[in-house]
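Content type compact mmCIF, C-alpha atoms, from the file structure.txt:
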# COMPACT_ATOMS: atom_id res chain seq x y z
CA MET B 21 41.14 -39.92 179.97
CA PRO B 22 40.64 -42.69 177.46
CA LEU B 23 39.28 -45.86 179.02
CA GLN B 24 42.36 -47.99 178.31
CA GLN B 25 44.68 -45.47 179.99
CA HIS B 26 42.59 -45.61 183.17
CA ARG B 27 42.50 -49.41 183.03
CA ASP B 28 46.27 -49.51 182.58
CA ALA B 29 46.79 -47.04 185.44
CA PHE B 30 44.44 -48.96 187.70
CA ASP B 31 46.11 -52.27 186.87
CA ALA B 32 49.48 -50.72 187.72
CA VAL B 33 48.39 -49.65 191.20
CA GLY B 34 45.42 -51.91 191.86
CA PRO B 35 45.26 -55.31 193.49
CA LYS B 36 47.14 -56.97 190.62
CA GLY B 37 49.88 -54.35 190.50
CA GLY B 38 50.80 -52.12 193.42
CA GLY B 39 48.68 -53.93 195.98
CA VAL B 40 46.28 -51.11 196.80
CA GLU B 41 42.62 -51.77 197.39
CA ARG B 42 41.08 -48.30 196.95
CA VAL B 43 41.78 -45.94 194.05
CA ALA B 44 40.13 -42.55 193.54
CA ILE B 45 39.90 -40.96 190.11
CA VAL B 46 39.19 -37.23 190.08
CA ASP B 47 38.22 -35.94 186.64
CA ILE B 48 38.64 -32.19 186.20
CA ASP B 49 37.94 -32.15 182.46
CA VAL B 50 35.04 -29.96 181.27
CA HIS B 51 33.48 -33.00 179.58
CA HIS B 52 32.06 -35.84 181.63
CA GLY B 53 34.28 -38.92 181.54
CA ASN B 54 31.62 -41.34 180.36
CA GLY B 55 34.15 -44.04 179.44
CA THR B 56 35.90 -43.89 182.80
CA GLN B 57 32.57 -43.90 184.61
CA ALA B 58 31.41 -46.94 182.61
CA ALA B 59 34.64 -48.82 183.32
CA PHE B 60 34.24 -48.55 187.10
CA TYR B 61 30.47 -48.07 187.53
CA SER B 62 30.01 -51.30 189.45
CA ASP B 63 33.43 -51.37 191.15
CA PRO B 64 33.51 -50.45 194.86
CA ALA B 65 37.34 -50.33 194.79
CA VAL B 66 37.27 -47.19 192.63
CA LEU B 67 35.75 -43.86 193.61
CA TYR B 68 35.12 -41.89 190.42
CA ILE B 69 34.50 -38.16 190.83
CA SER B 70 33.78 -35.93 187.85
CA SER B 71 33.22 -32.18 187.81
CA HIS B 72 32.02 -31.06 184.40
CA GLN B 73 29.82 -28.71 182.44
CA TYR B 74 26.27 -30.06 182.34
CA PRO B 75 24.30 -30.41 180.21
CA PHE B 76 27.04 -30.76 177.67
CA TYR B 77 28.75 -33.35 175.48
CA PRO B 78 28.65 -36.36 175.87
CA GLY B 79 25.28 -36.00 177.62
CA THR B 80 26.16 -38.12 180.65
CA GLY B 81 27.19 -37.15 184.16
CA ALA B 82 23.94 -36.31 185.91
CA ALA B 83 24.12 -36.14 189.69
CA ASP B 84 21.88 -39.21 190.01
CA GLU B 85 24.41 -41.42 188.17
CA THR B 86 26.02 -42.92 191.28
CA GLY B 87 27.05 -46.45 190.31
CA GLU B 88 25.29 -49.80 190.25
CA GLY B 89 25.39 -53.04 192.18
CA PRO B 90 28.38 -53.16 194.51
CA GLY B 91 29.60 -49.89 192.97
CA ARG B 92 26.53 -47.90 193.99
CA GLY B 93 27.69 -44.76 195.76
CA PHE B 94 31.22 -44.89 194.31
CA THR B 95 30.48 -42.59 191.37
CA LEU B 96 30.10 -38.92 192.22
CA ASN B 97 29.12 -36.54 189.45
CA ILE B 98 29.28 -32.80 190.04
CA PRO B 99 27.41 -31.28 187.11
CA LEU B 100 28.06 -27.53 186.83
CA GLU B 101 26.25 -24.96 184.72
CA ALA B 102 28.03 -23.18 181.89
CA GLY B 103 29.77 -20.07 183.14
CA ALA B 104 31.05 -21.62 186.38
CA THR B 105 34.04 -19.72 187.77
CA ASP B 106 37.03 -20.49 189.98
CA ASP B 107 34.94 -19.80 193.10
CA VAL B 108 32.14 -22.16 192.05
CA TYR B 109 34.60 -24.97 191.37
CA ALA B 110 36.61 -24.36 194.56
CA ARG B 111 33.45 -24.50 196.68
CA ALA B 112 32.44 -27.76 195.01
CA TYR B 113 35.86 -29.29 195.61
CA GLU B 114 36.05 -28.15 199.22
CA SER B 115 32.47 -29.09 200.12
CA VAL B 116 31.93 -32.21 197.99
CA VAL B 117 35.15 -33.68 196.57
CA VAL B 118 37.32 -33.49 199.69
CA PRO B 119 34.69 -35.00 202.02
CA ALA B 120 34.11 -37.81 199.50
CA LEU B 121 37.83 -38.51 199.32
CA ASP B 122 38.07 -38.42 203.13
CA ALA B 123 35.22 -40.91 203.49
CA PHE B 124 36.65 -43.27 200.84
CA ALA B 125 40.26 -43.03 202.09
CA PRO B 126 41.96 -43.92 198.79
CA GLU B 127 45.40 -45.43 198.73
CA VAL B 128 46.20 -43.58 195.51
CA ILE B 129 44.54 -40.75 193.58
CA LEU B 130 44.58 -40.47 189.79
CA VAL B 131 43.65 -37.11 188.27
CA SER B 132 42.27 -36.68 184.77
CA ALA B 133 43.66 -33.17 184.42
CA GLY B 134 41.68 -31.56 181.66
CA PHE B 135 42.18 -27.83 181.28
CA ASP B 136 39.32 -27.17 178.87
CA ALA B 137 37.19 -25.45 181.54
CA HIS B 138 39.48 -22.45 181.02
CA ALA B 139 37.66 -19.26 180.01
CA ARG B 140 39.70 -19.03 176.80
CA ASP B 141 39.08 -22.60 175.72
CA PRO B 142 36.91 -22.66 172.58
CA LEU B 143 35.06 -25.93 173.25
CA ALA B 144 33.00 -25.17 176.34
CA GLY B 145 31.44 -22.38 178.33
CA MET B 146 33.23 -22.38 181.67
CA ARG B 147 35.02 -19.31 183.05
CA MET B 148 37.95 -20.71 184.98
CA THR B 149 41.44 -19.20 185.09
CA SER B 150 44.78 -20.97 185.01
CA ALA B 151 45.24 -20.23 188.73
CA GLY B 152 41.75 -21.56 189.47
CA LEU B 153 42.39 -24.83 187.69
CA ALA B 154 45.73 -25.19 189.49
CA ASN B 155 43.87 -24.57 192.75
CA LEU B 156 41.72 -27.64 192.08
CA VAL B 157 44.90 -29.67 191.69
CA ARG B 158 46.20 -28.12 194.93
CA ILE B 159 43.03 -29.17 196.75
CA VAL B 160 43.27 -32.76 195.47
CA ASP B 161 47.03 -32.87 196.13
CA ALA B 162 46.46 -31.75 199.73
CA ALA B 163 43.95 -34.56 200.14
CA ALA B 164 46.43 -37.02 198.64
CA SER B 165 49.11 -35.82 201.06
CA ARG B 166 46.78 -36.31 204.00
CA LEU B 167 45.14 -39.55 202.90
CA CYS B 168 47.64 -41.61 200.94
CA GLY B 169 51.15 -40.29 201.41
CA ARG B 170 50.81 -38.07 198.33
CA ARG B 171 50.42 -41.04 196.01
CA ILE B 172 48.94 -39.01 193.19
CA ALA B 173 49.33 -39.11 189.41
CA LEU B 174 48.01 -36.61 186.90
CA VAL B 175 47.33 -37.28 183.24
CA THR B 176 46.75 -34.29 181.00
CA GLU B 177 43.59 -34.47 178.94
CA GLY B 178 41.81 -31.55 177.33
CA GLY B 179 42.87 -27.99 176.76
CA TYR B 180 42.42 -26.61 173.28
CA HIS B 181 43.60 -23.03 173.60
CA LEU B 182 47.34 -23.61 173.54
CA ASP B 183 48.37 -20.47 175.45
CA ALA B 184 45.79 -21.21 178.16
CA LEU B 185 46.92 -24.84 178.29
CA ARG B 186 50.56 -23.77 178.72
CA GLU B 187 49.58 -21.40 181.54
CA CYS B 188 47.51 -24.11 183.23
CA LEU B 189 50.38 -26.57 183.08
CA GLU B 190 52.85 -24.01 184.45
CA HIS B 191 50.51 -23.15 187.34
CA THR B 192 49.88 -26.84 188.01
CA PHE B 193 53.58 -27.68 188.06
CA SER B 194 54.18 -24.88 190.55
CA VAL B 195 51.45 -26.31 192.80
CA LEU B 196 53.02 -29.77 192.66
CA ASP B 197 56.62 -28.58 193.06
Render the structure in this file as structure tokens.
Amino acid sequence: MPLQQHRDAFDAVGPKGGGVERVAIVDIDVHHGNGTQAAFYSDPAVLYISSHQYPFYPGTGAADETGEGPGRGFTLNIPLEAGATDDVYARAYESVVVPALDAFAPEVILVSAGFDAHARDPLAGMRMTSAGLANLVRIVDAAASRLCGRRIALVTEGGYHLDALRECLEHTFSVLD
């Protein structure tokens, strides 16, 4: 998600806007969200979680990038090797993302919903299916239901194989219905 969109979204729900104190951003895009990470790297009010192909463009997103100053520990990068499948991602979300969300207890969750980890996407090397990507949204949505009254917003990002993108969106909408 472009930096300004995250800033606008955060301002809308953050202390100035909606009065919440803790916002989680879960970035499903195959590329690491270096701009989003930079925007909140020292902010303890924002938990930024990114699952992404690594090493890969833009070259950021190593597991040891965890924040700085008061934001140390509020950035969680989940670098995954090329070829990761639905099962690999689901295990990471169930064993890493959900416990991190539980510990942080966000009042709202924003999802950077990139669908370019799809096996048919031409830009990366992941092997996810439309159903697998929708399952990640289901996992995060279940956490949002439990933790913050289902205060969740998704913003579509990547997805460059148009048929795969359409399938991903259809599966995702059915999960959120």
Leaving out Tyr77 of chain B and any residue of its chain fewer than 6 positions from it, which residues lie within 12 Å of it when counting all atoms listed in the file, given as a list of chain:residue names?
B:Asp49, B:Val50, B:His51, B:His52, B:Gly53, B:Asn54, B:Pro99, B:Leu143, B:Ala144, B:Gly145
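Using only C-alpha atoms, the shortest contact distance between Asn97 of chain B and any of B:Leu130, B:Ala110, B:Val195, B:Val46 is found at B:Val46.
Minimum atom-to-atom distances from B:Gln57, B:Thr192, B:Thr176, B:Ser62 to Val131 of chain B were compared using only C-alpha atoms, and the lowest value belongs to B:Thr176.
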Distance query Glu101 of chain B at most 9 Å, all atoms listed in the file, self and fewer than 6 positions along chain excluded, as a PyMOL selection string
chain B and resi 72-75+145-146
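Take atom CA of Thr105 of chain B and atom CA of Ala184 of chain B: the distance between them is 15.3 Å.
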Can you pull out every residue within 7 Å of segment 122-129 of chain B, counting only C-alpha atoms, but drop anything in the same chain fewer than 5 positions away, and send it as a VMD selection string?
chain B and resid 40 42 to 45 164 167 to 168 171 to 173
Between B:Ser165, B:Val160, B:Ile48, B:Asp63, which has the minimum distance to Pro119 of chain B (counting all atoms listed in the file)?
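With all atoms listed in the file as the atom set, the closest residue is B:Val160.
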Between B:Asp47, B:Asp136, B:Asp141, B:Asp84, which residue has the minimum interatomic distance to Tyr113 of chain B, considering all atoms listed in the file?
B:Asp47
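Comparing B:Asp161, B:Glu41, B:Glu88, B:Asp183 by their smallest distance to Asp197 of chain B, the closest is B:Asp161 (using all atoms listed in the file).
Atom to atom, atom CA of Arg111 of chain B and atom CA of Gly134 of chain B stand 18.5 Å apart.
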